[in-house]
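Undergrad: What follows is a structure written as structure tokens; I'll ask about it next.
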Amino acid sequence: MLLRHTTDKIIERKALTVNPAKTCQPVGAMYAALGVHGCLPHSHGSQGCCSYHRSALTRHYKEPVMAATSSFTEGSSVFGGQANLLQGLDNIYKIYEPDIVAVHSTCLSETIGDDLGQIAAKARTDGQVPEGKHVVVASTPSYVGSHVTGYANMVEAFVKYFANKTDRLIKQVNVISGWVEPADMRELKRIMGLMKIKSVLLPDTSDVLDTPMTGKFEMYPKGGTTIPEMVSMGDSLHTIALGEECTTLAAKALDNKCKVAYTSEDLPIGLKATDRFINTLSKIGGVSVPDSITDERGRLVDTITDMHQYFYGKRVALFGDPDQLIPLTEFLLDMDMKPVYIVSGTPGKVFEKKMSAMLAERLPEAKFKNGPNADMFLLHQWIKQEGVDLIIGNTYGKYIARDEKIPFVRYGFPIIDRVGHSYFTSLGYVGGLRLVEKMLSAMMDHQDATCSEVKFELVM
Amino acid sequence: MVKKKDLSKGLPDPSALMDEIMAKYPTKIAKKRMKSFVANDPSEDQEIQANVRTIPGIITQRGCTYAGCKGVVLGPTRDIINLVHGPIGCSFYAWLTRRNQTEVPDGGDNYITYCFSTDMQDENIVFGGEAKLKDAVREAYEIFKPKAIGIFSTCPVGLIGDDVHAVSREMKAELGINIFGFSCEGYRGVSQSAGHHIANNGVFKNVVGNVDRPRAGKFQVNLLGEYNIGGDAFELERLFEEAGMTLLSTFSGNSTIEAMEYSHTADLNMVMCHRSINYIAEMMEEKYGIPWIKVSFIGAEGTAKSLRKAAEFFEDATLTAKVEEIIAREMKKVEAVRTKVLPKTEGKLAMMFVGGSRAHHYQDLFKELNVTTVSAGYEFAHRDDYEGRKVIPDIKIDADTRNIEDLVVEKDDKLFREDLVAKKAAMLNKGYAFSDYEGMMPEMSKNSLVIDDVNHWETEKIIEFYKPDVFCAGIKEKYVVQKHGVPLKQLHSYDYGGPYAGFEGAINFYVEMERMLGTNIWKMVDAPWKSEPEIVGSFAFND
């Protein structure tokens, strides 16, 4: 057994986290910053943070992930990291020539009280930031929130820095995306295109973390939200913020700064969440939904109804981030599946509120928990107490899946043992179909591999 | 297709390349980086700058002290709970990512698949985290009943003044199991290297020597600095067992704390990764009189040489005969594969920038394939790893090094092996070398370019200059290099392949290089229409 010390006996913990269902803020900030064109993320802390975050993102995307670090040593930890960041910025602009450096903090620089805003201002005054270049800063202490919080903070920082209100109104909609894959960002843009709604997507990691092999390395690939696009967000008609935990900060900041009102929606994962997203788009853009989208929806519903017998009553364990888990839980419930166990290490009231609202009536036996000690160890213990038919979560779930012989669908961050997640969307109706296909395949492959020869089926 | 360099007259002088690289840097930075570059000349004693701070803003390969301590040295040991005291990320990122394999007997403990953290929150930073740490230790004990718990400090711990050592002592007394702490905050040193040293100190103080055990074999050895990436240690365990040498303890591939506790009863220490583990070898010699030799089991020739050297130490005819028998048998298999793959590898160019020993050891494997190493360097090594241990007295001890405790080790009067000291003296007289690491540079060709702590800009430039056929580094460099159209072999994780140690490992590596150097897939990068005349105008499918 891979997790041989895990038993069904749950002893309440208040201090020890075992097998976390989250990681720390800076990696989220780094990911978000990669979704801005010509931007080099910079980690203000010990060089291990930057190394770990780049490694985690690289393993997930199988793509170059460029970021710099302030390389703190004991001296900077005692005397403050200002000198390191000033020198760092100077070197970065001279050697790597980005348009923007997106600096995020770490537990180290936060603990010693480095003020990134003040240091960036000094860098501008002292000439470490060349004319026409930008430094954006976000405070992302690792001991608050999770990787999701870091993403939210960095996106907010971009909006605050760049978005600008002029006296002209631009007929476009801002879409602030939660933490999704490059393929998902691409899908959001495709949907906006089909709806014929002009939009700005922030951030946008498509064509950054899914770049083609050309034989030439591009430090700043062609993708990413551009500076003019970010600036124009202040003049947009409206903002749609997808995924409350990841995007509310940025949407609010934009509203406060430029008076662009926002609508908060779940990430369009599964049927109903996508329905709401499309409806909102239609209303905000004042456009009718094209037949092509209605057809996509129809194909998803067609598959769900055709395959309903395989989903009905199936018990599912989920772990990951609130913004994904909320619409995913709804989707599973709509297919008459039973999402019985759900954990997220990411704290916040949104999870509790929305899960309660969905599960209290429809699946009262469901157990769900987020925040401190809501980890994969607890999830596994629940599974030990009463099994499930399917596990959905990041790569770390494979250890539970193998020990307990349960079908497993990889979903979330990080996925470091398979490819596809960055290329094939799981958003919208098309993405819903992919989720349905993945779940079905996992459960049916399991049945094929484990059922008796007598019960082995040709047609399913 | 890129035009290959003509190396028939030897490697080109890299001076112009070095100047071109430096031209991009601000003057001060150029001056500093230049000292970490050497156009190698093995006939001269050249000095390289190493183990110095990475310049802020530079995109480096390096990681932190915590990574070296928890991730590298203690990570592969299966029967200890490694509890990380800090915010969640540090423990999360070190969770299974170094792929240290381990073989657990039925009923044995294995915590490698688990990730333990105190998940510090802001109130712990403000009010101190010791209470939470104590609770976490108690909870870990209550749930798992481990034999030992190691506590690892992350950056904020040292800054807010949490004393992990005091907590360890208190908890050890309360729970009655071995509990010890490491002050391996990420900022402590200039790289992972500081973490290795801290880990060595902690293991030596708190583990080595805890259990005296009767002899289990005639020839007792330890293997130091072998981390069982991809099953390397399994390969070596098999060889030692067949030869009749008793491998008491490996630091730390496929290891247990239990075995480390009686490692001081060995007759000889063999050091693989000099950088990460020479400290324990030195301390065991000072305290117990156990001599150490440098070995490398990377490459078939190196494996044969190292096995012979270990056997020679014991001056036993049966052992020597057995070792020769194994070598003869294995080399036959190795040679068959080598001959088969040579047409695909012969004359190719490699470069490697990794670790504190792999960038050296793997050159041997490439030599066996007639592949030239044109440029190499370490990520976190010291001057002695480049120039040999003879330079240790001349290495300037800077403030960053002074931060790391240098343990004062005293002779253990009861357990000290005077017999081994006498044996060492006698062997030295016969020309047998102990504590003998000569470093990477004397073995590299004239004009090969040696670079310490290579960074992104330098990587791009040397790829452009040498156009290597294979580049060896880690996960962060992997896809950067491959986007250039050059295949990258990961030498930290082996790209999830391996083992590459020992004879079987050499065969695996040969076959892997046959794949990487012989494939045509890189020729498919350009779309066919890129090389055809553009079709002007169109007559179909327009709206």
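Chain labels follow the order of the structure tokens: the first chain is A, the next B, and so on; residue numbering restarts at 1 in every chain, and ligands are counted from 1 in their shown order.
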Give me, as an mmCIF file with C-alpha atoms, in the first residue's frame, the contact residues of chain B against chain A at a cut-off of 7 Å, counting only C-alpha atoms.
TA:
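Writing the result to iface-v7.cif gives the following:
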data_model
loop_
_atom_site.group_PDB
_atom_site.id
_atom_site.type_symbol
_atom_site.label_atom_id
_atom_site.label_comp_id
_atom_site.auth_asym_id
_atom_site.auth_seq_id
_atom_site.Cartn_x
_atom_site.Cartn_y
_atom_site.Cartn_z
ATOM 1 C CA LYS B 24 25.005 41.979 -21.736
ATOM 2 C CA TYR B 25 25.661 42.363 -18.021
ATOM 3 C CA THR B 54 23.421 34.298 -6.852
ATOM 4 C CA ILE B 55 22.925 37.867 -8.049
ATOM 5 C CA PRO B 56 19.364 39.131 -7.432
ATOM 6 C CA GLY B 57 17.262 39.263 -10.579
ATOM 7 C CA ILE B 58 19.274 36.519 -12.262
ATOM 8 C CA ILE B 59 17.236 33.540 -13.421
ATOM 9 C CA ARG B 62 19.376 27.099 -7.721
ATOM 10 C CA GLY B 63 17.022 26.282 -4.903
ATOM 11 C CA CYS B 64 17.200 26.910 -1.180
ATOM 12 C CA PRO B 87 3.498 27.802 5.522
ATOM 13 C CA ILE B 88 2.121 25.012 3.371
ATOM 14 C CA GLY B 89 4.109 25.506 0.161
ATOM 15 C CA PHE B 92 3.906 20.667 -0.700
ATOM 16 C CA TYR B 93 6.664 21.250 -3.268
ATOM 17 C CA THR B 113 4.274 9.183 0.194
ATOM 18 C CA TYR B 114 3.000 11.576 2.859
ATOM 19 C CA CYS B 115 3.407 15.315 3.218
ATOM 20 C CA PHE B 116 3.431 16.782 6.729
ATOM 21 C CA SER B 117 3.196 20.468 7.548
ATOM 22 C CA THR B 118 2.240 22.788 10.357
ATOM 23 C CA ASP B 119 0.623 24.998 7.687
ATOM 24 C CA MET B 120 1.534 28.193 9.539
ATOM 25 C CA GLN B 121 -1.073 30.935 9.416
ATOM 26 C CA ASP B 122 -0.655 34.650 10.012
ATOM 27 C CA LYS B 132 1.261 24.790 16.953
ATOM 28 C CA ASP B 135 0.561 20.162 18.816
ATOM 29 C CA ALA B 136 1.454 18.973 15.330
ATOM 30 C CA GLU B 139 -0.879 14.711 16.611
ATOM 31 C CA PHE B 144 1.139 7.461 13.146
ATOM 32 C CA CYS B 155 12.085 30.918 6.204
ATOM 33 C CA PRO B 156 9.686 32.549 8.669
ATOM 34 C CA GLY B 186 15.627 28.808 2.941
ATOM 35 C CA TYR B 187 17.736 31.955 3.226
ATOM 36 C CA ARG B 188 20.500 30.386 5.346
ATOM 37 C CA GLY B 189 23.005 29.787 2.601
ATOM 38 C CA VAL B 190 23.622 30.621 -1.013
ATOM 39 C CA ILE B 475 12.972 20.380 -14.908
ATOM 40 C CA LYS B 476 13.119 24.205 -15.006
ATOM 41 C CA TYR B 479 11.455 22.863 -21.995
ATOM 42 C CA VAL B 480 13.449 26.074 -22.377
ATOM 43 C CA LYS B 483 12.195 24.863 -27.505
ATOM 44 C CA HIS B 484 15.599 25.559 -29.030
ATOM 45 C CA GLY B 485 15.303 22.196 -30.730
ATOM 46 C CA VAL B 525 9.986 20.716 -36.112
ATOM 47 C CA ASP B 526 9.683 22.741 -39.315
#
Undergrad: Identify, on the basis of only C-alpha atoms, every residue whose closest approach to Ala506 (chain B) does not exceed 6 Å; exclude the query and any residue fewer than 3 positions from it along the same chain; express the result as a PDB file with N, CA and C atoms, in the first residue's frame.
TA:
ATOM      1  N   GLY B 299      28.474   5.170 -14.805  1.00  0.00           N
ATOM      2  CA  GLY B 299      29.381   4.717 -15.854  1.00  0.00           C
ATOM      3  C   GLY B 299      29.882   3.333 -15.519  1.00  0.00           C
ATOM      4  N   ALA B 300      30.012   2.484 -16.536  1.00  0.00           N
ATOM      5  CA  ALA B 300      30.438   1.105 -16.305  1.00  0.00           C
ATOM      6  C   ALA B 300      31.879   1.051 -15.817  1.00  0.00           C
ATOM      7  N   TYR B 500      20.320   4.600 -13.551  1.00  0.00           N
ATOM      8  CA  TYR B 500      21.491   4.829 -14.384  1.00  0.00           C
ATOM      9  C   TYR B 500      22.792   4.481 -13.661  1.00  0.00           C
ATOM     10  N   PHE B 503      26.151  -1.244 -13.493  1.00  0.00           N
ATOM     11  CA  PHE B 503      26.276  -1.769 -14.869  1.00  0.00           C
ATOM     12  C   PHE B 503      24.939  -1.731 -15.601  1.00  0.00           C
ATOM     13  N   PHE B 509      21.307   3.855 -19.586  1.00  0.00           N
ATOM     14  CA  PHE B 509      21.661   5.192 -20.072  1.00  0.00           C
ATOM     15  C   PHE B 509      22.089   5.137 -21.540  1.00  0.00           C
TER      16      PHE B 509
END
Undergrad: List the spatial neighbours of Pro41 (chain A) as a PDB file with C-alpha atoms, in the first residue's frame - criterion: any atom at most 8 Å away, only C-alpha atoms, same-chain residues fewer than 3 positions off excluded.
TA:
ATOM      1  CA  MET A  30       3.389  33.572 -10.756  1.00  0.00           C
ATOM      2  CA  ALA A  33       1.541  37.004 -14.175  1.00  0.00           C
ATOM      3  CA  LEU A  34       2.459  34.588 -16.951  1.00  0.00           C
ATOM      4  CA  MET A  66      10.336  31.992 -16.717  1.00  0.00           C
ATOM      5  CA  ALA A  67      10.602  33.940 -13.480  1.00  0.00           C
ATOM      6  CA  ALA A  68      13.294  35.738 -11.533  1.00  0.00           C
ATOM      7  CA  VAL A 101       8.036  42.878 -13.996  1.00  0.00           C
ATOM      8  CA  ALA A 102       5.312  41.445 -11.766  1.00  0.00           C
ATOM      9  CA  VAL A 103       6.750  41.208  -8.276  1.00  0.00           C
ATOM     10  CA  HIS A 104       5.075  39.059  -5.658  1.00  0.00           C
TER      11      HIS A 104
END
Undergrad: What lies within 12 Å of Asp302 (chain A) using only C-alpha atoms, ignoring chain neighbours under 4 positions off, as a PyMOL selection string?
TA: chain A and resi 271+295-298+306-308+335+429+432-433+436
Undergrad: DSSP says alpha helix (DSSP H) for which residues of region 8-184 of chain A? Put them as a PyMOL selection string?
TA: chain A and resi 25-34+47-61+74-79+82-95+107-111+116-126+147-162+182-184
Undergrad: Just C-alpha atoms for this one: save the residues we selected as a PDB file, in the first residue's frame.
TA:
ATOM      1  CA  GLN A  25       0.123  32.045  -2.573  1.00  0.00           C
ATOM      2  CA  PRO A  26       3.202  32.896  -4.676  1.00  0.00           C
ATOM      3  CA  VAL A  27       2.720  30.093  -7.222  1.00  0.00           C
ATOM      4  CA  GLY A  28      -0.717  31.513  -8.022  1.00  0.00           C
ATOM      5  CA  ALA A  29       0.742  34.972  -8.430  1.00  0.00           C
ATOM      6  CA  MET A  30       3.389  33.572 -10.756  1.00  0.00           C
ATOM      7  CA  TYR A  31       0.800  31.751 -12.864  1.00  0.00           C
ATOM      8  CA  ALA A  32      -1.416  34.828 -13.158  1.00  0.00           C
ATOM      9  CA  ALA A  33       1.541  37.004 -14.175  1.00  0.00           C
ATOM     10  CA  LEU A  34       2.459  34.588 -16.951  1.00  0.00           C
ATOM     11  CA  GLN A  47      15.494  31.626  -4.367  1.00  0.00           C
ATOM     12  CA  GLY A  48      13.967  28.308  -3.306  1.00  0.00           C
ATOM     13  CA  CYS A  49      10.451  29.739  -3.593  1.00  0.00           C
ATOM     14  CA  CYS A  50      11.003  30.754  -7.198  1.00  0.00           C
ATOM     15  CA  SER A  51      12.634  27.434  -7.966  1.00  0.00           C
ATOM     16  CA  TYR A  52       9.783  25.438  -6.443  1.00  0.00           C
ATOM     17  CA  HIS A  53       7.091  27.473  -8.186  1.00  0.00           C
ATOM     18  CA  ARG A  54       8.783  27.297 -11.554  1.00  0.00           C
ATOM     19  CA  SER A  55       9.248  23.566 -11.124  1.00  0.00           C
ATOM     20  CA  ALA A  56       5.618  23.009 -10.128  1.00  0.00           C
ATOM     21  CA  LEU A  57       4.309  25.012 -13.074  1.00  0.00           C
ATOM     22  CA  THR A  58       6.782  23.423 -15.492  1.00  0.00           C
ATOM     23  CA  ARG A  59       5.821  19.910 -14.430  1.00  0.00           C
ATOM     24  CA  HIS A  60       2.155  20.794 -14.942  1.00  0.00           C
ATOM     25  CA  TYR A  61       2.506  22.511 -18.337  1.00  0.00           C
ATOM     26  CA  GLU A  74      20.723  35.803   5.697  1.00  0.00           C
ATOM     27  CA  GLY A  75      21.857  39.403   5.341  1.00  0.00           C
ATOM     28  CA  SER A  76      18.820  40.502   3.343  1.00  0.00           C
ATOM     29  CA  SER A  77      16.612  38.677   5.814  1.00  0.00           C
ATOM     30  CA  VAL A  78      18.025  40.760   8.617  1.00  0.00           C
ATOM     31  CA  PHE A  79      18.428  44.115   6.901  1.00  0.00           C
ATOM     32  CA  GLN A  82      15.097  46.423  -0.646  1.00  0.00           C
ATOM     33  CA  ALA A  83      18.641  46.302  -1.967  1.00  0.00           C
ATOM     34  CA  ASN A  84      18.016  42.890  -3.491  1.00  0.00           C
ATOM     35  CA  LEU A  85      14.868  43.996  -5.282  1.00  0.00           C
ATOM     36  CA  LEU A  86      16.396  47.225  -6.577  1.00  0.00           C
ATOM     37  CA  GLN A  87      19.416  45.382  -7.915  1.00  0.00           C
ATOM     38  CA  GLY A  88      17.158  42.638  -9.206  1.00  0.00           C
ATOM     39  CA  LEU A  89      14.996  45.036 -11.189  1.00  0.00           C
ATOM     40  CA  ASP A  90      18.036  46.722 -12.657  1.00  0.00           C
ATOM     41  CA  ASN A  91      19.445  43.383 -13.792  1.00  0.00           C
ATOM     42  CA  ILE A  92      16.137  42.087 -15.092  1.00  0.00           C
ATOM     43  CA  TYR A  93      15.475  45.058 -17.356  1.00  0.00           C
ATOM     44  CA  LYS A  94      19.043  45.015 -18.686  1.00  0.00           C
ATOM     45  CA  ILE A  95      19.373  41.253 -19.185  1.00  0.00           C
ATOM     46  CA  CYS A 107       6.499  34.530   3.565  1.00  0.00           C
ATOM     47  CA  LEU A 108      10.108  35.599   4.036  1.00  0.00           C
ATOM     48  CA  SER A 109       9.798  39.149   2.706  1.00  0.00           C
ATOM     49  CA  GLU A 110       6.377  39.566   4.343  1.00  0.00           C
ATOM     50  CA  THR A 111       7.640  38.438   7.742  1.00  0.00           C
ATOM     51  CA  LEU A 116       6.819  46.163  -2.157  1.00  0.00           C
ATOM     52  CA  GLY A 117       4.908  49.288  -3.135  1.00  0.00           C
ATOM     53  CA  GLN A 118       7.470  51.529  -1.494  1.00  0.00           C
ATOM     54  CA  ILE A 119      10.413  49.631  -3.002  1.00  0.00           C
ATOM     55  CA  ALA A 120       8.842  49.763  -6.480  1.00  0.00           C
ATOM     56  CA  ALA A 121       8.299  53.509  -6.092  1.00  0.00           C
ATOM     57  CA  LYS A 122      11.937  53.924  -5.111  1.00  0.00           C
ATOM     58  CA  ALA A 123      13.006  51.841  -8.110  1.00  0.00           C
ATOM     59  CA  ARG A 124      11.052  54.184 -10.382  1.00  0.00           C
ATOM     60  CA  THR A 125      12.547  57.282  -8.763  1.00  0.00           C
ATOM     61  CA  ASP A 126      16.075  55.897  -8.713  1.00  0.00           C
ATOM     62  CA  HIS A 147      -2.344  29.473  -4.171  1.00  0.00           C
ATOM     63  CA  VAL A 148      -5.831  30.669  -5.145  1.00  0.00           C
ATOM     64  CA  THR A 149      -5.408  33.798  -3.003  1.00  0.00           C
ATOM     65  CA  GLY A 150      -2.082  34.545  -4.677  1.00  0.00           C
ATOM     66  CA  TYR A 151      -3.682  34.349  -8.087  1.00  0.00           C
ATOM     67  CA  ALA A 152      -6.472  36.687  -6.976  1.00  0.00           C
ATOM     68  CA  ASN A 153      -3.981  39.177  -5.523  1.00  0.00           C
ATOM     69  CA  MET A 154      -1.841  39.292  -8.646  1.00  0.00           C
ATOM     70  CA  VAL A 155      -4.804  39.767 -10.998  1.00  0.00           C
ATOM     71  CA  GLU A 156      -6.051  42.560  -8.750  1.00  0.00           C
ATOM     72  CA  ALA A 157      -2.622  44.180  -8.889  1.00  0.00           C
ATOM     73  CA  PHE A 158      -2.664  44.242 -12.701  1.00  0.00           C
ATOM     74  CA  VAL A 159      -6.117  45.814 -12.799  1.00  0.00           C
ATOM     75  CA  LYS A 160      -5.212  48.400 -10.198  1.00  0.00           C
ATOM     76  CA  TYR A 161      -2.004  49.315 -11.979  1.00  0.00           C
ATOM     77  CA  PHE A 162      -3.137  49.390 -15.598  1.00  0.00           C
ATOM     78  CA  PRO A 182      -4.573  27.811 -21.289  1.00  0.00           C
ATOM     79  CA  ALA A 183      -7.069  25.721 -23.271  1.00  0.00           C
ATOM     80  CA  ASP A 184      -9.839  27.075 -21.062  1.00  0.00           C
TER      81      ASP A 184
END
Undergrad: Show which residues sit within 12 Å of Met331 (chain B), as a ChimeraX atom specification. Count only C-alpha atoms, and ignore same-chain residues fewer than 3 positions away.
TA: /B:299-305,323-328,334-339,502-504,506-507
Undergrad: Keeping only N, CA, C and O atoms, take the residues you just selected and write them out as a short mmCIF file (atom, residue, chain, number, x, y, z; two decimals), in the first residue's frame.
TA:
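Output (selection.cif):
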data_model
loop_
_atom_site.label_atom_id
_atom_site.label_comp_id
_atom_site.auth_asym_id
_atom_site.auth_seq_id
_atom_site.Cartn_x
_atom_site.Cartn_y
_atom_site.Cartn_z
N GLY B 299 28.47 5.17 -14.80
CA GLY B 299 29.38 4.72 -15.85
C GLY B 299 29.88 3.33 -15.52
O GLY B 299 30.17 3.02 -14.35
N ALA B 300 30.01 2.48 -16.54
CA ALA B 300 30.44 1.10 -16.31
C ALA B 300 31.88 1.05 -15.82
O ALA B 300 32.21 0.32 -14.88
N GLU B 301 32.74 1.87 -16.43
CA GLU B 301 34.15 1.88 -16.02
C GLU B 301 34.28 2.35 -14.57
O GLU B 301 35.03 1.79 -13.80
N GLY B 302 33.55 3.42 -14.26
CA GLY B 302 33.59 3.96 -12.90
C GLY B 302 33.09 2.94 -11.90
O GLY B 302 33.63 2.80 -10.79
N THR B 303 32.05 2.22 -12.27
CA THR B 303 31.49 1.21 -11.38
C THR B 303 32.53 0.12 -11.12
O THR B 303 32.76 -0.27 -9.97
N ALA B 304 33.16 -0.33 -12.20
CA ALA B 304 34.18 -1.37 -12.05
C ALA B 304 35.32 -0.87 -11.16
O ALA B 304 35.77 -1.56 -10.24
N LYS B 305 35.75 0.35 -11.43
CA LYS B 305 36.87 0.93 -10.68
C LYS B 305 36.52 1.06 -9.19
O LYS B 305 37.31 0.74 -8.31
N VAL B 323 34.56 -9.96 -6.99
CA VAL B 323 34.36 -8.67 -7.65
C VAL B 323 34.81 -8.74 -9.11
O VAL B 323 34.12 -8.26 -10.01
N GLU B 324 35.96 -9.37 -9.33
CA GLU B 324 36.44 -9.51 -10.72
C GLU B 324 35.49 -10.33 -11.56
O GLU B 324 35.24 -10.04 -12.72
N GLU B 325 34.92 -11.34 -10.93
CA GLU B 325 33.97 -12.20 -11.65
C GLU B 325 32.73 -11.38 -12.06
O GLU B 325 32.27 -11.46 -13.20
N ILE B 326 32.24 -10.60 -11.13
CA ILE B 326 31.06 -9.77 -11.42
C ILE B 326 31.39 -8.78 -12.54
O ILE B 326 30.64 -8.63 -13.50
N ILE B 327 32.54 -8.12 -12.41
CA ILE B 327 32.91 -7.11 -13.40
C ILE B 327 33.02 -7.75 -14.79
O ILE B 327 32.49 -7.22 -15.77
N ALA B 328 33.69 -8.89 -14.86
CA ALA B 328 33.88 -9.55 -16.16
C ALA B 328 32.53 -9.90 -16.77
O ALA B 328 32.28 -9.64 -17.96
N VAL B 334 27.49 -5.03 -20.84
CA VAL B 334 27.61 -3.58 -21.08
C VAL B 334 28.22 -3.32 -22.45
O VAL B 334 27.71 -2.51 -23.23
N GLU B 335 29.28 -4.04 -22.75
CA GLU B 335 30.01 -3.82 -24.00
C GLU B 335 29.14 -4.13 -25.22
O GLU B 335 29.20 -3.43 -26.23
N ALA B 336 28.32 -5.16 -25.09
CA ALA B 336 27.45 -5.54 -26.21
C ALA B 336 26.51 -4.38 -26.55
O ALA B 336 26.33 -4.03 -27.72
N VAL B 337 25.92 -3.78 -25.51
CA VAL B 337 24.98 -2.68 -25.75
C VAL B 337 25.73 -1.44 -26.24
O VAL B 337 25.29 -0.74 -27.15
N ARG B 338 26.88 -1.20 -25.62
CA ARG B 338 27.66 -0.02 -26.00
C ARG B 338 28.02 -0.07 -27.49
O ARG B 338 27.84 0.90 -28.22
N THR B 339 28.47 -1.21 -27.94
CA THR B 339 28.84 -1.36 -29.34
C THR B 339 27.64 -1.12 -30.25
O THR B 339 27.75 -0.52 -31.31
N GLY B 502 25.52 1.88 -11.72
CA GLY B 502 25.96 0.49 -11.85
C GLY B 502 25.99 0.04 -13.30
O GLY B 502 25.88 0.86 -14.22
N PHE B 503 26.15 -1.24 -13.49
CA PHE B 503 26.28 -1.77 -14.87
C PHE B 503 24.94 -1.73 -15.60
O PHE B 503 24.85 -1.28 -16.74
N GLU B 504 23.89 -2.21 -14.93
CA GLU B 504 22.57 -2.17 -15.55
C GLU B 504 22.18 -0.73 -15.86
O GLU B 504 21.57 -0.45 -16.87
N ALA B 506 24.20 1.74 -16.52
CA ALA B 506 24.95 2.22 -17.70
C ALA B 506 24.24 1.76 -18.96
O ALA B 506 24.06 2.54 -19.91
N ILE B 507 23.80 0.51 -18.96
CA ILE B 507 23.08 0.00 -20.13
C ILE B 507 21.82 0.82 -20.38
O ILE B 507 21.54 1.23 -21.51
#
Undergrad: Residues near Ala310 (chain B), anyone? I mean within 9 Å using only C-alpha atoms, not counting same-chain ones fewer than 5 positions away, as a list in words.
TA: Val221, Leu268, Met270, Ile293, Val295 and Lys305 of chain B
Undergrad: Those residues with N, CA, C and O atoms, as an mmCIF file, in the first residue's frame please?
TA:
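Output saved as again04.cif:
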data_model
loop_
_atom_site.group_PDB
_atom_site.id
_atom_site.type_symbol
_atom_site.label_atom_id
_atom_site.label_comp_id
_atom_site.auth_asym_id
_atom_site.auth_seq_id
_atom_site.Cartn_x
_atom_site.Cartn_y
_atom_site.Cartn_z
ATOM 1 N N VAL B 221 30.304 -1.883 4.933
ATOM 2 C CA VAL B 221 30.503 -0.571 4.295
ATOM 3 C C VAL B 221 29.228 0.268 4.374
ATOM 4 O O VAL B 221 28.127 -0.258 4.542
ATOM 5 N N LEU B 268 34.298 0.983 6.301
ATOM 6 C CA LEU B 268 34.678 1.894 5.222
ATOM 7 C C LEU B 268 33.462 2.677 4.765
ATOM 8 O O LEU B 268 32.368 2.123 4.642
ATOM 9 N N MET B 270 31.965 4.859 1.605
ATOM 10 C CA MET B 270 32.160 5.179 0.190
ATOM 11 C C MET B 270 31.315 6.403 -0.123
ATOM 12 O O MET B 270 30.115 6.409 0.141
ATOM 13 N N ILE B 293 36.506 6.705 1.085
ATOM 14 C CA ILE B 293 37.038 6.813 -0.267
ATOM 15 C C ILE B 293 35.969 7.398 -1.171
ATOM 16 O O ILE B 293 34.781 7.265 -0.908
ATOM 17 N N VAL B 295 33.928 7.308 -4.509
ATOM 18 C CA VAL B 295 33.548 6.341 -5.541
ATOM 19 C C VAL B 295 32.603 7.014 -6.523
ATOM 20 O O VAL B 295 32.059 8.081 -6.242
ATOM 21 N N LYS B 305 35.751 0.348 -11.433
ATOM 22 C CA LYS B 305 36.869 0.930 -10.683
ATOM 23 C C LYS B 305 36.517 1.064 -9.191
ATOM 24 O O LYS B 305 37.309 0.735 -8.313
#
Undergrad: Extract, using only C-alpha atoms, all DNA, RNA and protein residues at most 8 Å from region 432-442 of chain B, discarding same-chain residues fewer than 3 positions from it, and format them as a list of chain:residue names.
TA: B:Asn40, B:Asp41, B:Pro42, B:Ser43, B:His274, B:Pro291, B:Trp292, B:Ile293, B:Lys294, B:His360, B:Asp384, B:Asp385, B:Tyr386, B:Glu387, B:Gly388, B:Arg389, B:Lys390, B:Lys424, B:Met427, B:Leu428, B:Asn429, B:Val450
Undergrad: Using only C-alpha atoms, can you tell me which of B:Val481, B:Arg383, B:Lys446, B:Ile160 comes closest to Ile397 (chain B)?
TA: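 Closest candidate: B:Arg383.
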Undergrad: So that I can check the secondary structure, give me every residue of region 250-441 of chain A assigned strand (DSSP E or B) by backbone DSSP, as a list in words.
TA: Tyr262, Thr263, Ser264, Glu265, Ile269, Arg315, Val316, Ala317, Leu318, Phe319, Lys338, Pro339, Val340, Tyr341, Ile342, Val343, Ser344, Lys367, Phe368, Lys369, Asn370, Leu390, Ile391, Ile392, Gly393, Phe408, Val409 and Arg410 of chain A
Undergrad: In Å, rounded to a single decimal, give me how far CA of Thr250 (chain B) is from CA of Ser263 (chain B).
TA: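 Answer for the CA of Ser263 (chain B) to CA of Thr250 (chain B) separation: 8.5 Å.
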